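Student: Hey, dropping my_file.cif in here, mmCIF, C-alpha atoms:
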```cif
data_model
loop_
_atom_site.label_atom_id
_atom_site.label_comp_id
_atom_site.auth_asym_id
_atom_site.auth_seq_id
_atom_site.Cartn_x
_atom_site.Cartn_y
_atom_site.Cartn_z
CA MET A 179 -1.19 39.64 -35.10
CA ALA A 180 1.45 40.92 -32.68
CA LYS A 181 -1.25 41.91 -30.18
CA LYS A 182 -2.89 38.47 -30.41
CA ARG A 183 0.46 36.77 -29.91
CA SER A 184 1.18 39.02 -26.94
CA ASN A 185 -2.22 38.25 -25.40
CA ALA A 186 -1.69 34.51 -25.93
CA LEU A 187 1.71 34.64 -24.25
CA LEU A 188 0.26 36.65 -21.37
CA PHE A 189 -2.55 34.13 -20.98
CA GLU A 190 -0.10 31.22 -20.92
CA LYS A 191 2.07 33.02 -18.37
CA ASN A 192 -0.91 33.70 -16.13
CA GLN A 193 -1.93 30.05 -16.36
CA LEU A 194 1.58 28.94 -15.41
CA ILE A 195 1.63 31.32 -12.43
CA SER A 196 -1.76 30.02 -11.32
CA GLN A 197 -0.54 26.41 -11.54
CA GLN A 198 2.60 27.27 -9.61
CA LYS A 199 0.52 28.94 -6.88
CA ASP A 200 -1.59 25.77 -6.58
CA VAL A 201 1.53 23.63 -6.27
CA ILE A 202 3.06 25.93 -3.65
CA SER A 203 -0.22 26.05 -1.73
CA ASP A 204 -0.40 22.24 -1.69
CA MET A 205 3.22 22.02 -0.55
CA ASN A 206 2.49 24.44 2.28
CA ARG A 207 -0.47 22.35 3.41
CA GLN A 208 1.62 19.18 3.38
CA LEU A 209 4.44 20.90 5.24
CA GLU A 210 2.03 22.22 7.85
CA LYS A 211 0.71 18.71 8.46
CA ARG A 212 4.23 17.28 8.75
CA VAL A 213 5.28 19.96 11.23
CA LEU A 214 2.21 19.36 13.39
CA ARG A 215 2.81 15.61 13.28
CA ALA A 216 6.47 16.08 14.19
CA GLN A 217 5.33 18.07 17.24
CA MET A 218 2.86 15.38 18.17
CA ASN A 219 5.11 12.33 18.22
CA PRO A 220 7.71 13.56 20.77
CA HIS A 221 4.87 14.39 23.19
CA PHE A 222 3.41 10.92 22.74
CA ILE A 223 6.76 9.14 23.06
CA PHE A 224 7.74 11.16 26.14
CA ASN A 225 4.61 9.97 27.94
CA SER A 226 5.40 6.35 27.10
CA LEU A 227 8.96 6.66 28.35
CA SER A 228 7.65 8.19 31.56
CA SER A 229 5.46 5.13 32.01
CA ILE A 230 8.45 2.80 31.68
CA GLN A 231 10.37 4.91 34.17
CA HIS A 232 7.45 4.69 36.59
CA LEU A 233 7.43 0.87 36.44
CA ILE A 234 11.19 0.64 36.86
CA SER A 235 11.16 2.99 39.87
CA SER A 236 8.39 0.86 41.37
CA ASP A 237 10.67 -2.19 41.02
CA ASP A 238 8.10 -3.87 38.78
CA LYS A 239 10.58 -5.64 36.50
CA LYS A 240 8.02 -7.91 34.85
CA GLY A 241 5.71 -4.98 34.17
CA ALA A 242 8.60 -2.90 32.86
CA LEU A 243 9.66 -5.64 30.42
CA THR A 244 6.10 -6.18 29.22
CA TYR A 245 5.64 -2.45 28.80
CA LEU A 246 8.96 -2.08 26.98
CA SER A 247 8.01 -4.88 24.58
CA LYS A 248 4.69 -3.23 23.69
CA PHE A 249 6.27 0.20 23.51
CA SER A 250 8.95 -1.12 21.13
CA LYS A 251 6.20 -2.47 18.88
CA LEU A 252 4.40 0.85 18.98
CA LEU A 253 7.56 2.85 18.30
CA ARG A 254 8.49 0.58 15.41
CA GLN A 255 5.11 1.12 13.79
CA VAL A 256 5.38 4.88 14.27
CA LEU A 257 8.87 5.00 12.77
CA GLU A 258 7.96 2.74 9.86
CA SER A 259 5.16 5.14 8.95
CA SER A 260 7.31 8.24 9.52
CA VAL A 261 7.13 9.18 5.83
CA ASN A 262 3.34 9.27 5.98
CA ILE A 263 1.13 12.09 7.17
CA THR A 264 -1.86 9.78 7.41
CA LEU A 265 -2.44 6.15 8.28
CA VAL A 266 -4.94 3.60 7.05
CA LEU A 267 -7.71 3.48 9.66
CA LYS A 268 -6.94 -0.14 10.51
CA GLU A 269 -3.32 0.72 11.38
CA GLU A 270 -4.37 3.82 13.33
CA ILE A 271 -6.75 1.79 15.49
CA GLU A 272 -4.01 -0.76 16.17
CA LEU A 273 -1.72 2.05 17.38
CA LEU A 274 -4.45 3.36 19.66
CA LYS A 275 -5.07 -0.11 21.09
CA ILE A 276 -1.39 -0.51 21.92
CA TYR A 277 -1.36 2.93 23.55
CA VAL A 278 -4.35 2.08 25.77
CA GLU A 279 -2.73 -1.28 26.65
CA LEU A 280 0.39 0.60 27.73
CA GLU A 281 -1.61 2.96 29.94
CA ALA A 282 -3.52 0.03 31.45
CA LEU A 283 -0.19 -1.59 32.33
CA ARG A 284 1.12 1.65 33.75
CA PHE A 285 -1.85 2.02 36.08
CA ASP A 286 -1.96 -1.64 37.15
CA HIS A 287 -5.11 -2.36 35.15
CA SER A 288 -7.10 -0.04 37.40
CA PHE A 289 -9.48 0.71 34.52
CA SER A 290 -11.21 -1.42 31.91
CA TYR A 291 -11.47 -0.50 28.25
CA SER A 292 -13.09 -1.57 25.02
CA PHE A 293 -12.98 -0.68 21.34
CA ASP A 294 -16.21 -0.78 19.35
CA ILE A 295 -15.65 -0.78 15.59
CA ASP A 296 -18.55 -0.42 13.15
CA LYS A 297 -18.77 -3.54 10.96
CA ASN A 298 -19.83 -1.36 8.03
CA LEU A 299 -16.68 0.76 8.28
CA ASP A 300 -14.04 -0.22 5.72
CA LEU A 301 -10.85 -0.06 7.79
CA ASP A 302 -8.60 -0.54 4.75
CA LYS A 303 -10.25 2.12 2.58
CA TYR A 304 -9.95 5.32 4.62
CA GLU A 305 -6.91 7.17 5.92
CA ILE A 306 -6.88 9.58 8.84
CA PRO A 307 -4.20 11.86 10.38
CA MET A 308 -1.86 9.73 12.46
CA LEU A 309 -2.60 9.68 16.23
CA LEU A 310 -5.22 12.41 15.82
CA VAL A 311 -7.50 11.18 18.60
CA GLN A 312 -4.77 9.90 20.95
CA PRO A 313 -4.62 13.11 23.08
CA TYR A 314 -8.37 12.84 23.77
CA ILE A 315 -7.93 9.24 24.93
CA GLU A 316 -4.99 10.37 27.06
CA ASN A 317 -7.11 13.08 28.68
CA ALA A 318 -9.89 10.58 29.37
CA ILE A 319 -7.48 8.24 31.17
CA ILE A 320 -5.23 10.71 33.00
CA HIS A 321 -7.67 13.48 33.90
CA GLY A 322 -10.97 11.59 33.85
CA LEU A 323 -10.44 8.08 35.16
CA MET A 324 -7.33 8.26 37.33
CA PRO A 325 -8.68 10.82 39.86
CA LYS A 326 -11.79 8.65 40.35
CA THR A 327 -12.29 5.90 42.92
CA GLY A 328 -14.23 2.75 42.15
CA ASP A 329 -15.12 1.29 38.77
CA LYS A 330 -13.38 2.96 35.84
CA LYS A 331 -14.34 2.38 32.22
CA LEU A 332 -13.16 3.72 28.87
CA THR A 333 -14.82 3.07 25.52
CA VAL A 334 -13.53 4.08 22.10
CA SER A 335 -15.74 3.63 19.06
CA PHE A 336 -15.41 4.25 15.34
CA LYS A 337 -18.51 4.48 13.14
CA ASP A 338 -19.29 5.13 9.49
CA ILE A 339 -21.43 8.30 9.36
CA ASP A 340 -22.12 9.57 5.82
CA ASN A 341 -19.07 11.61 4.76
CA TYR A 342 -17.34 11.20 8.11
CA ILE A 343 -15.66 8.68 10.35
CA GLU A 344 -17.14 9.29 13.78
CA CYS A 345 -14.90 8.57 16.75
CA ILE A 346 -16.43 8.65 20.24
CA ILE A 347 -14.29 8.54 23.38
CA GLU A 348 -16.34 8.09 26.52
CA ASP A 349 -15.32 7.56 30.13
CA ASN A 350 -17.11 7.32 33.46
CA GLY A 351 -14.50 9.42 35.23
CA VAL A 352 -14.80 12.58 37.27
CA GLY A 353 -16.11 14.62 34.37
CA ILE A 354 -14.83 17.97 33.20
CA THR A 355 -12.89 19.59 36.03
CA LYS A 356 -10.54 22.53 36.23
CA PRO A 357 -6.96 21.22 35.97
CA LYS A 358 -4.35 21.94 38.61
CA LYS A 359 -1.65 24.50 37.78
CA LYS A 360 1.04 21.88 37.18
CA GLU A 361 -1.26 20.06 34.74
CA VAL A 362 -2.16 23.10 32.64
CA LYS A 363 1.10 23.19 30.66
CA ASN A 364 0.93 19.55 29.58
CA ILE A 365 -2.75 19.76 28.67
CA SER A 366 -2.37 22.96 26.66
CA ARG A 367 0.70 21.59 24.87
CA GLY A 368 -0.88 18.36 23.70
CA MET A 369 -4.33 19.73 22.99
CA SER A 370 -3.13 22.92 21.28
CA ILE A 371 -1.27 20.78 18.74
CA THR A 372 -4.33 18.59 18.25
CA GLY A 373 -6.44 21.72 17.92
CA LYS A 374 -4.28 22.87 15.03
CA ARG A 375 -4.64 19.48 13.35
CA ILE A 376 -8.42 19.65 13.75
CA ASN A 377 -8.42 23.16 12.29
CA ALA A 378 -6.52 21.83 9.28
CA LEU A 379 -9.35 19.32 8.73
CA LYS A 380 -11.97 22.08 8.86
CA LYS A 381 -10.88 23.06 5.37
CA PHE A 382 -12.69 19.93 4.20
CA SER A 383 -15.89 20.39 6.23
CA ASP A 384 -18.38 22.98 7.44
CA GLN A 385 -19.43 20.80 10.40
CA GLU A 386 -18.36 21.10 14.03
CA LEU A 387 -15.65 18.44 14.12
CA VAL A 388 -15.17 18.11 17.89
CA LYS A 389 -17.86 18.07 20.57
CA VAL A 390 -17.07 17.64 24.28
CA GLU A 391 -19.91 16.75 26.65
CA ASP A 392 -19.84 16.68 30.44
CA LEU A 393 -21.89 13.63 31.48
CA ASN A 394 -22.20 14.64 35.12
CA THR A 395 -25.86 14.03 35.97
CA ASP A 396 -27.78 12.38 38.80
CA GLY A 397 -25.57 9.61 40.13
CA PHE A 398 -23.38 9.48 37.04
CA SER A 399 -20.20 11.21 35.95
CA GLY A 400 -17.95 11.17 32.94
CA THR A 401 -16.99 12.83 29.68
CA LYS A 402 -17.91 12.13 26.07
CA VAL A 403 -15.85 13.43 23.17
CA THR A 404 -17.21 13.09 19.63
CA ILE A 405 -14.81 13.65 16.74
CA LEU A 406 -15.89 13.80 13.11
CA ILE A 407 -13.07 12.98 10.69
CA PRO A 408 -13.82 13.90 7.06
CA LYS A 409 -13.33 10.95 4.74
CA GLY A 410 -11.78 13.33 2.26
#
```
Let's see the structure in the file written out as structure tokens.
Tutor:
Amino acid sequence: MAKKRSNALLFEKNQLISQQKDVISDMNRQLEKRVLRAQMNPHFIFNSLSSIQHLISSDDKKGALTYLSKFSKLLRQVLESSVNITLVLKEEIELLKIYVELEALRFDHSFSYSFDIDKNLDLDKYEIPMLLVQPYIENAIIHGLMPKTGDKKLTVSFKDIDNYIECIIEDNGVGITKPKKKEVKNISRGMSITGKRINALKKFSDQELVKVEDLNTDGFSGTKVTILIPKG
């Protein structure tokens, strides 16, 4: 009897330890996501503030006020969702649209843009990591479109693909080029953080989640980035 009681107590203790490990593991995952998100937002906000500074230094008061108004809306949405690691897809797309509007203002509407959203995609059902794809859009604008002369186009699409939300960011810019030394730090900073966030998502998928294609072919240039976001 004593041995059975001892075995039962040992079994219960092992179960409790196992449950505690699961809780701690989940807490670590959540903490990791929060830390990565906390690193992401200052980078994003810094770029927006730089844009406002650019307009002010150019003595474009109307543009600065318009930009500041949109940036305030964006910042308010970011702060209101500060307790969340993820955002409903509909809200995430709205944030991305405001970001692209801000960049279009900053660069005097020198590029056109469009968002293509799959009608079959339930924007209120799925949640994705906040501002996950923003750095890829930023790269497309800053390093793809801005160095180019002539017509500049950016398209961002979201589609419902089986167990994933597929986001495609495509531009007709200069294509994949080696960045200048002064650009390397900013690129590695933003993309290294995003890389960690993508790696965190790999725990939920065995697929390649990010694919970057150089579209430089006969008479055409550009870059296409395909991101698969697990529905989870």
Student: Please evaluate the PyMOL selection byres ((chain A and resi 281) around 12) against the structure above and give the resulting residues as a ChimeraX atom specification.
Tutor: /A:222,225-230,232-233,241,244-245,248-249,274-280,282-291,312,315-320,323-324,332
Student: Would you write out, as a ChimeraX atom specification, every residue that the PyMOL selection byres ((chain A and resi 345) around 7) captures in this file?
Tutor: /A:335-337,343-344,346-347,404-406
Student: May I have the residues from that selection written out with C-alpha atoms, as a PDB file, in the coordinates of the input?
Tutor:
```
ATOM      1  CA  SER A 335     -15.740   3.630  19.060  1.00  0.00           C
ATOM      2  CA  PHE A 336     -15.410   4.250  15.340  1.00  0.00           C
ATOM      3  CA  LYS A 337     -18.510   4.480  13.140  1.00  0.00           C
ATOM      4  CA  ILE A 343     -15.660   8.680  10.350  1.00  0.00           C
ATOM      5  CA  GLU A 344     -17.140   9.290  13.780  1.00  0.00           C
ATOM      6  CA  ILE A 346     -16.430   8.650  20.240  1.00  0.00           C
ATOM      7  CA  ILE A 347     -14.290   8.540  23.380  1.00  0.00           C
ATOM      8  CA  THR A 404     -17.210  13.090  19.630  1.00  0.00           C
ATOM      9  CA  ILE A 405     -14.810  13.650  16.740  1.00  0.00           C
ATOM     10  CA  LEU A 406     -15.890  13.800  13.110  1.00  0.00           C
TER      11      LEU A 406
END
```
Student: For segment 295-311 of chain A, find every residue with an atom within 8 Å (counting only C-alpha atoms), except residues of its own chain fewer than 2 positions away, and show them as a VMD selection string.
Tutor: chain A and resid 215 263 to 268 270 273 to 274 293 313 to 315 335 to 338 372 375 405 407 409
Student: Evaluate the PyMOL selection byres ((chain A and resi 398) around 10) against this structure - the residues, as a ChimeraX atom specification, please.
Tutor: /A:350-353,393-397,399-400
Student: Would you mind reading off the distance between atom CA of Lys239 of chain A and atom CA of Pro325 of chain A, one decimal, in Å?
Tutor: 25.6 Å
Student: Kindly give the distance, in Å, that separates atom CA of Thr333 of chain A and atom CA of Val403 of chain A, rounded to a single decimal.
Tutor: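 Going from atom CA of Thr333 of chain A over to atom CA of Val403 of chain A covers 10.7 Å.
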Student: Enclose the full set of atoms of segment 269-277 of chain A listed in the file within a box whose edges lie along x, y and z, apply 5 Å of padding to each of the six sides, and report centre and edge lengths in Å to one decimal as AutoDock Vina command-line options.
Tutor:
```
--center_x -4.1 --center_y 1.5 --center_z 17.5 --size_x 15.4 --size_y 14.6 --size_z 22.2
```
Student: Expressed in Å to a single decimal, how great is the separation between atom CA of His321 of chain A and atom CA of Val390 of chain A?
Tutor: 14.1 Å
